Amino acid sequence: MRRHDRDYDERDLEVDDAEDHAAGPTAVAVSLKRSLERMGPIRTAQTLLRLNQAEGFDCMSCAWPDPDPGHRSVAEFCENGAKAVAEEATRRRATPEFFAAHIADLDSHSEHWLGRQGRITYPMIKRPGATHYEPIDWDEAFALIGAELEALDSPDEAIFYTSGRASNEVAFAYQLFARAFGTNNLPDCSNMCHESTSIALQESIGIGKASVTLDDVYHAELIVLQGQNPGTNHPRMLTALEKAKRNGATILSINPLREAGLVNFRNPQTPRGVVGRGTDLSDLHLPIALNGDLALLQAFGSLLVEWDALDHEFIERHTHGFEQWRRHVAGVDWDVVTTATGLSREQITEAATLLRDSRATVFCWAMGLTQHRNAVATIKEVTNLALAQGNIGKRGAGLFPVRGHSNVQGDRTMGIWERPPAHFLDALQREFGFDPPRENGFDTVDSIRALRDGRARFFMGLGGNFVQAAPDTHVTAAAMRRARMTVQVSTKINRSHLVCGETALILPAKGRTEQDVQASGPQFVTVEDSTCSVHASRGPLPPASAHLKSEVEIVSRIAEATLGDRYGLDWKAMRDDYGVVRGLISRVVPGCESYDVNVRRPGGFVLPHPPRDSRSFHTASGRAEFAVSPIDVLQVPAGHVILQTLRSHDQFNTTVYGLSDRYRGIEGGRRVIFLHRDDIAALGFDDGDLVDLFTRWDGDERVRCARSFRIVEYDTPRGSAAAYYPETNELVPLDSTARQSNCPTSKSVVVSLARAGERSGECPEDSHQGRLGSDWSHKTCPDPEYLS
């Protein structure tokens with residue numbers, strides 16, 4: 001196979017059978033091996049025994065809720081949680097000497113290699129025209145940033161991006177700074193994942209969050225897992241599903257791939273999981289074709305109406321629009337349904353009987369539903385089914401969007417949103433005495449467009465790896481390079497440090513695993529999980545370097561350098577004592593009264609959720625809204641397939657821990673495309689062939705391509721392919737987004753395949769020099785004619 005970078009050789013890639021279970025002793029062995037390699041035995045004990053404990057620190061990987069204090073295991077973490085901790089608490093260091101030694105070659109390395117270089121120890125700057133980063137004093141860094149922001153022609157030329165790792169305290173301070181500066185340009189990683197959920201649920205039930213608790217999962221009669229892979233993306237969910245199964249729950253899984261975590265769970269903390277056969281999870285699995293979920297859900301609705309399996313009392317008392325929805329689903333065209341889903345009517349009917357017979361159903365979903373053109377309509381259809389059977393506001397039932405990042409939901413609660421509600425802005429005005437901007441700001445996709453078009457000139461990333469995470473990689477990279485200044489608040493080196501603006505700063509931050517001592521003494525931060533539970537997080541380790549600053553301190557110092565004493569905001573008090581920030585939160589954020597007191601309780605507190613708590617709905621009608629949506633089927637030309645981007649088991653979002661996706665049988669590499677055997681034959685290839693992937697969007701003449709992927713025959717529906725991101729993010733056109741939410745359509749990318757090298761030069765990028773990173777095996781696109 002062709003070699004793609006200097007850090008691993010794709011010729012070493014091995015393909016084996018996919019596994020039929022998740023976790024087990026192998027997960028324990030991998031967790032310990034990675035932890036000991038990165039942290040050593042002492043740091044491993046100091047961190048993992050405190051991970052997700054009531055007096056410990058919150059895992060930085062997923063947002064799965066913790067059991068109540070007193071009901072947590074000693075090892076309250078999963079394999080990928082252990083990997084995430086090991087990545088942050090590594091003993092390796094990326095010092096100024098490291099940056100000096102790697103003058104201009106960092107961008108030639110893979111993301112995996114970059115992450116392994118360790119924690120950044122000192123603030124760094126890449127000055128205009130320079131080929132490398134050099135150290136910079138903190139005070140000078142803050143002064144430069146403040147001067148750049150003040151020199152902008154408009155506050156709306158600045159973009160303030162947030163990763164879901166940020167705590168509630170820094171998120172609140174960050175949005176306060178941005179709005180005091182004068183902009184609502186506050187995109188975040190939710191724009192690329194659960195934004196479709198937020199929009200759909202807000203319109204349907206009046207709040208864009210889960211209506212369940214962990215106890216509801218334990219006591220559900222039926223759990224529907226749709227468009228998600230818990231074994232890799234939120235493995236602690238498997239423990240909750242196992243407990244639900246012991247309580248008698250039935251599990252229906254709906255996903256193109258029959259992932260190991262949907263089949264069987266071998267809990268490594270039980271004898272059955274270590275030496276036994278584990279717990280079978282899915283009672284029924286529907287291998288749905290990509291983008292078929294909306295049609296399937298309407299077919300379910302049609303059958304429930306036909307069988308009169310409805311909660312008429314709930315519908316009458318709490319909903320609006322039922323009759324229109326009933327008439328719509330009663331007329332579902334079953335030929336359209338079976339074509340769109342790739343399922344038979346018999347399969348769909350069998351699954352619908354599980355819904356019919358359940359008195360308490362929890363509906364869970366993740367990116368498999370949110371990243372399609374029709375995502376908002378699809379999630380409203382999930383809600384329709386819950387409303388039709390009264391599955392909101394009762395034990396063992398509800399809607400459960402499972403968030404993939406540790407505090408992405410908390411960041412939104414704290415005001416990180418480009419479309420803030422008027423009541424939140426009113427509260428800011430009352431508390432601080434200034435009128436925050438009222439017009440909507442840029443989300444992630446619009447931020448890229450603004451940078452591309454010269455309407456934005458400053459970008460700050462509070463955590464995350466924007467260039468790797470965003471769609472249409474080469475457009476995103478070229479847009480970032482047009483910025484006058486980029487600022488990244490980070491713990492480790494990533495691609496966004498290397499694909500940067502004219503002036504680029506890296507500000508090294510303390511992580512979740514580390515102690516945070518400020519002028520008033522030791523501090524803690526708070527986070528919110530997927531079920532609206534807010535709790536404290538306290539790191540146990542000394543900081544990786546004496547030169548690190550907390551994210552709260554970094555944001556407050558930038559705010560001081562930019563705003564001075566404007567509006568009388570006391571930034572110093574906020575960084576000296578995070579209790580000051582929590583006091584402000586309690587007076588501004590709904591549901592956070594007595595915030596500082598409540599989060600100090602073991603396990604924290606749960607935010608109010610009117611549909612869950614009292615079956616009340618803050619919508620225009622004052623009731624939960626049934627939505628009517630036409631079945632929207634993605635049209636795929638002959639000779640093409642629909643591609644979904646997904647994670648390997650050895651990564652978290654854009655952080656690549658290693659090259660082992662053992663659940664799918666992939667070892668030693670990442671550039672693979674999973675295809676059904678009949679598609680492989682129909683397209684004229686064989687299993688193991690090397691191919692290039694191509695796509696374009698709605699008449700857009702710019703072809704996007706990703707080079708040299710190995711075909712892997714896999715159990716996936718006909719016409720539905722899969723490959724890892726971020727390697728395939730370059731195939732997701734910037735303008736291919738979900739209606740209403742503007743979320744990139746990373747689960748429905750129409751692609752064609754050609755033998756590797758056969759269509760060389762077809763992509764505009766192929767004619768340009770300069771690498772975006774050898775692991776993409778692709779050229780950058782600096783020429784302005786390709787930016788529009």
# chains A, B, ... in the order shown; residues from 1 in each chain; ligands from 1
>>> select_by_dssp(residues="stretch 583-639 of chain A", states="helix (DSSP H, G or I)", output="PDB file with N, CA and C atoms, in the first residue's frame")
ATOM      1  N   GLY A 583     -21.355  32.819  41.263  1.00  0.00           N
ATOM      2  CA  GLY A 583     -22.352  33.763  41.747  1.00  0.00           C
ATOM      3  C   GLY A 583     -23.040  34.486  40.601  1.00  0.00           C
ATOM      4  N   LEU A 584     -22.268  34.873  39.595  1.00  0.00           N
ATOM      5  CA  LEU A 584     -22.848  35.508  38.411  1.00  0.00           C
ATOM      6  C   LEU A 584     -23.750  34.539  37.662  1.00  0.00           C
ATOM      7  N   ILE A 585     -23.306  33.297  37.526  1.00  0.00           N
ATOM      8  CA  ILE A 585     -24.127  32.279  36.867  1.00  0.00           C
ATOM      9  C   ILE A 585     -25.476  32.147  37.563  1.00  0.00           C
ATOM     10  N   SER A 586     -25.458  32.158  38.887  1.00  0.00           N
ATOM     11  CA  SER A 586     -26.700  31.956  39.640  1.00  0.00           C
ATOM     12  C   SER A 586     -27.701  33.068  39.385  1.00  0.00           C
ATOM     13  N   ARG A 587     -27.230  34.261  39.007  1.00  0.00           N
ATOM     14  CA  ARG A 587     -28.121  35.391  38.783  1.00  0.00           C
ATOM     15  C   ARG A 587     -28.488  35.589  37.325  1.00  0.00           C
ATOM     16  N   VAL A 588     -27.827  34.870  36.426  1.00  0.00           N
ATOM     17  CA  VAL A 588     -28.067  35.069  34.992  1.00  0.00           C
ATOM     18  C   VAL A 588     -28.685  33.846  34.331  1.00  0.00           C
ATOM     19  N   TYR A 595     -26.235  28.420  42.734  1.00  0.00           N
ATOM     20  CA  TYR A 595     -25.375  27.521  41.969  1.00  0.00           C
ATOM     21  C   TYR A 595     -24.161  27.060  42.770  1.00  0.00           C
ATOM     22  N   ASP A 596     -23.472  28.015  43.406  1.00  0.00           N
ATOM     23  CA  ASP A 596     -22.244  27.670  44.120  1.00  0.00           C
ATOM     24  C   ASP A 596     -22.516  26.735  45.285  1.00  0.00           C
ATOM     25  N   VAL A 597     -23.653  26.885  45.918  1.00  0.00           N
ATOM     26  CA  VAL A 597     -24.024  25.991  47.023  1.00  0.00           C
ATOM     27  C   VAL A 597     -24.381  24.606  46.497  1.00  0.00           C
ATOM     28  N   ASN A 598     -25.178  24.567  45.447  1.00  0.00           N
ATOM     29  CA  ASN A 598     -25.685  23.282  44.947  1.00  0.00           C
ATOM     30  C   ASN A 598     -24.595  22.402  44.351  1.00  0.00           C
ATOM     31  N   VAL A 599     -23.619  23.009  43.662  1.00  0.00           N
ATOM     32  CA  VAL A 599     -22.588  22.182  43.030  1.00  0.00           C
ATOM     33  C   VAL A 599     -21.601  21.624  44.042  1.00  0.00           C
ATOM     34  N   PRO A 610     -38.801  21.281  32.339  1.00  0.00           N
ATOM     35  CA  PRO A 610     -40.264  21.284  32.467  1.00  0.00           C
ATOM     36  C   PRO A 610     -40.981  20.077  31.870  1.00  0.00           C
ATOM     37  N   PRO A 611     -40.650  19.605  30.656  1.00  0.00           N
ATOM     38  CA  PRO A 611     -41.365  18.422  30.155  1.00  0.00           C
ATOM     39  C   PRO A 611     -41.169  17.191  31.040  1.00  0.00           C
ATOM     40  N   ARG A 612     -39.966  17.003  31.544  1.00  0.00           N
ATOM     41  CA  ARG A 612     -39.684  15.860  32.416  1.00  0.00           C
ATOM     42  C   ARG A 612     -40.311  16.045  33.791  1.00  0.00           C
ATOM     43  N   ASP A 613     -40.204  17.254  34.336  1.00  0.00           N
ATOM     44  CA  ASP A 613     -40.588  17.485  35.722  1.00  0.00           C
ATOM     45  C   ASP A 613     -42.098  17.617  35.917  1.00  0.00           C
ATOM     46  N   SER A 614     -42.786  18.242  34.967  1.00  0.00           N
ATOM     47  CA  SER A 614     -44.210  18.536  35.185  1.00  0.00           C
ATOM     48  C   SER A 614     -45.061  18.411  33.929  1.00  0.00           C
TER      49      SER A 614
END
>>> select_by_dssp(residues="stretch 24-237 of chain A", states="strand (DSSP E)", output="ChimeraX atom specification")
/A:93-94,119-120,124-126,134-135,158-162,222-226
>>> residues_around(residues="stretch 85-93 of chain A", least_positions_apart="4", cutoff="6 Å", atoms="only C-alpha atoms", output="list in words")
Ser35, Arg38, Met39, Gly118 and Arg119 of chain A
>>> closest_residue(among="A:Cys364, A:Ala240, A:Leu281, A:Val527", to="A:Asn168", atoms="only C-alpha atoms")
A:Val527
>>> residues_around(residues="A:Ser660", least_positions_apart="6", cutoff="9 Å", atoms="only C-alpha atoms", output="ChimeraX atom specification")
/A:648-650,666-670
>>> residues_around(residues="A:Leu144", least_positions_apart="2", cutoff="12 Å", atoms="only C-alpha atoms", output="list in words")
Ile125, Arg127, Ile136, Asp137, Trp138, Asp139, Glu140, Ala141, Phe142, Gly146, Ala147, Glu148, Leu149, Glu150, Ala151, Arg484, Met485, Thr486, Val487, Thr503, Ala504, Leu505, Arg557, Ile558, Ala561 and Thr562 of chain A
>>> residues_around(residues="stretch 709-718 of chain A", least_positions_apart="4", cutoff="10 Å", atoms="only C-alpha atoms", output="PyMOL selection string")
chain A and resi 1-2+10+13+15-18+255-259+287-290+341-343+641-642+664-666+669-680+685-693+722-723+727+753+755-756
>>> residues_around(residues="stretch 263-272 of chain A", least_positions_apart="6", cutoff="12 Å", atoms="only C-alpha atoms", output="ChimeraX atom specification")
/A:18-29,31,72-79,225,229-232,235-243,245,251-255,257,278-285,663
>>> closest_residue(among="A:Gln409, A:Ser110, A:Ser720, A:Thr526", to="A:Thr162", atoms="only C-alpha atoms")
A:Gln409
>>> closest_atom_pairs(of="stretch 421-465 of chain A", to="stretch 470-483 of chain A", cutoff="7 Å", atoms="only C-alpha atoms", output="JSON lines")
{"residue": "A:Ile448", "atom": "CA", "partner": "A:Thr476", "partner_atom": "CA", "distance": 6.0}
{"residue": "A:Leu451", "atom": "CA", "partner": "A:Ala479", "partner_atom": "CA", "distance": 5.1}
{"residue": "A:Arg452", "atom": "CA", "partner": "A:Ala479", "partner_atom": "CA", "distance": 4.1}
{"residue": "A:Arg457", "atom": "CA", "partner": "A:Ala483", "partner_atom": "CA", "distance": 4.4}
{"residue": "A:Phe458", "atom": "CA", "partner": "A:Ala483", "partner_atom": "CA", "distance": 5.7}
>>> write_last_selection(atoms="N, CA and C atoms", output="compact mmCIF listing (two decimals), in the first residue's frame")
# COMPACT_ATOMS: atom_id res chain seq x y z
N ILE A 448 -16.60 29.69 8.99
CA ILE A 448 -15.67 29.33 7.91
C ILE A 448 -15.92 30.20 6.69
N LEU A 451 -14.52 33.74 7.36
CA LEU A 451 -13.06 33.78 7.23
C LEU A 451 -12.65 33.66 5.77
N ARG A 452 -13.32 32.77 5.06
CA ARG A 452 -13.02 32.57 3.63
C ARG A 452 -13.24 33.85 2.83
N ARG A 457 -11.58 38.26 10.64
CA ARG A 457 -10.11 38.31 10.55
C ARG A 457 -9.42 37.80 11.80
N PHE A 458 -10.20 37.45 12.82
CA PHE A 458 -9.64 36.97 14.08
C PHE A 458 -10.39 35.71 14.48
>>> atom_distance(atom1="atom CA of A:Arg246", atom2="atom CA of A:Ile223")
13.0 Å
>>> closest_residue(among="A:Pro67, A:Gly461, A:Gly393, A:Gly521", to="A:Tyr218", atoms="only C-alpha atoms")
A:Pro67
>>> closest_residue(among="A:Cys532, A:Cys62, A:Ala706, A:Leu32", to="A:Arg759", atoms="only C-alpha atoms")
A:Ala706
>>> decode(residues="stretch 117-131 of chain A", atoms="N, CA, C and O atoms", output="PDB file, in the first residue's frame")
ATOM      1  N   GLN A 117       3.379  13.941  21.191  1.00  0.00           N
ATOM      2  CA  GLN A 117       4.547  14.737  21.591  1.00  0.00           C
ATOM      3  C   GLN A 117       4.405  15.341  22.986  1.00  0.00           C
ATOM      4  O   GLN A 117       5.360  15.898  23.521  1.00  0.00           O
ATOM      5  N   GLY A 118       3.229  15.245  23.558  1.00  0.00           N
ATOM      6  CA  GLY A 118       3.079  15.631  24.954  1.00  0.00           C
ATOM      7  C   GLY A 118       2.509  17.021  25.163  1.00  0.00           C
ATOM      8  O   GLY A 118       2.108  17.716  24.224  1.00  0.00           O
ATOM      9  N   ARG A 119       2.485  17.430  26.424  1.00  0.00           N
ATOM     10  CA  ARG A 119       1.861  18.675  26.832  1.00  0.00           C
ATOM     11  C   ARG A 119       2.710  19.892  26.452  1.00  0.00           C
ATOM     12  O   ARG A 119       3.938  19.905  26.637  1.00  0.00           O
ATOM     13  N   ILE A 120       2.054  20.908  25.955  1.00  0.00           N
ATOM     14  CA  ILE A 120       2.719  22.172  25.657  1.00  0.00           C
ATOM     15  C   ILE A 120       3.025  22.871  26.983  1.00  0.00           C
ATOM     16  O   ILE A 120       2.160  22.965  27.854  1.00  0.00           O
ATOM     17  N   THR A 121       4.233  23.368  27.141  1.00  0.00           N
ATOM     18  CA  THR A 121       4.670  23.868  28.448  1.00  0.00           C
ATOM     19  C   THR A 121       4.799  25.382  28.537  1.00  0.00           C
ATOM     20  O   THR A 121       4.986  25.918  29.637  1.00  0.00           O
ATOM     21  N   TYR A 122       4.721  26.086  27.394  1.00  0.00           N
ATOM     22  CA  TYR A 122       5.010  27.523  27.420  1.00  0.00           C
ATOM     23  C   TYR A 122       4.215  28.187  26.303  1.00  0.00           C
ATOM     24  O   TYR A 122       4.024  27.587  25.239  1.00  0.00           O
ATOM     25  N   PRO A 123       3.717  29.419  26.515  1.00  0.00           N
ATOM     26  CA  PRO A 123       3.007  30.094  25.421  1.00  0.00           C
ATOM     27  C   PRO A 123       3.944  30.315  24.233  1.00  0.00           C
ATOM     28  O   PRO A 123       5.114  30.652  24.403  1.00  0.00           O
ATOM     29  N   MET A 124       3.382  30.116  23.037  1.00  0.00           N
ATOM     30  CA  MET A 124       4.192  30.170  21.820  1.00  0.00           C
ATOM     31  C   MET A 124       3.529  31.096  20.812  1.00  0.00           C
ATOM     32  O   MET A 124       2.308  31.259  20.794  1.00  0.00           O
ATOM     33  N   ILE A 125       4.352  31.675  19.940  1.00  0.00           N
ATOM     34  CA  ILE A 125       3.836  32.554  18.895  1.00  0.00           C
ATOM     35  C   ILE A 125       4.530  32.253  17.581  1.00  0.00           C
ATOM     36  O   ILE A 125       5.732  31.958  17.537  1.00  0.00           O
ATOM     37  N   LYS A 126       3.773  32.295  16.517  1.00  0.00           N
ATOM     38  CA  LYS A 126       4.321  32.250  15.156  1.00  0.00           C
ATOM     39  C   LYS A 126       4.033  33.616  14.546  1.00  0.00           C
ATOM     40  O   LYS A 126       2.896  33.966  14.273  1.00  0.00           O
ATOM     41  N   ARG A 127       5.093  34.393  14.378  1.00  0.00           N
ATOM     42  CA  ARG A 127       4.933  35.771  13.928  1.00  0.00           C
ATOM     43  C   ARG A 127       4.792  35.834  12.409  1.00  0.00           C
ATOM     44  O   ARG A 127       5.141  34.865  11.711  1.00  0.00           O
ATOM     45  N   PRO A 128       4.282  36.932  11.883  1.00  0.00           N
ATOM     46  CA  PRO A 128       4.093  37.044  10.432  1.00  0.00           C
ATOM     47  C   PRO A 128       5.381  36.742   9.670  1.00  0.00           C
ATOM     48  O   PRO A 128       6.453  37.266   9.987  1.00  0.00           O
ATOM     49  N   GLY A 129       5.264  35.847   8.684  1.00  0.00           N
ATOM     50  CA  GLY A 129       6.400  35.483   7.853  1.00  0.00           C
ATOM     51  C   GLY A 129       7.332  34.451   8.443  1.00  0.00           C
ATOM     52  O   GLY A 129       8.240  33.966   7.752  1.00  0.00           O
ATOM     53  N   ALA A 130       7.133  34.083   9.714  1.00  0.00           N
ATOM     54  CA  ALA A 130       8.029  33.125  10.359  1.00  0.00           C
ATOM     55  C   ALA A 130       7.714  31.706   9.903  1.00  0.00           C
ATOM     56  O   ALA A 130       6.612  31.397   9.464  1.00  0.00           O
ATOM     57  N   THR A 131       8.703  30.828  10.029  1.00  0.00           N
ATOM     58  CA  THR A 131       8.520  29.427   9.660  1.00  0.00           C
ATOM     59  C   THR A 131       8.257  28.537  10.864  1.00  0.00           C
ATOM     60  O   THR A 131       7.991  27.350  10.706  1.00  0.00           O
TER      61      THR A 131
END
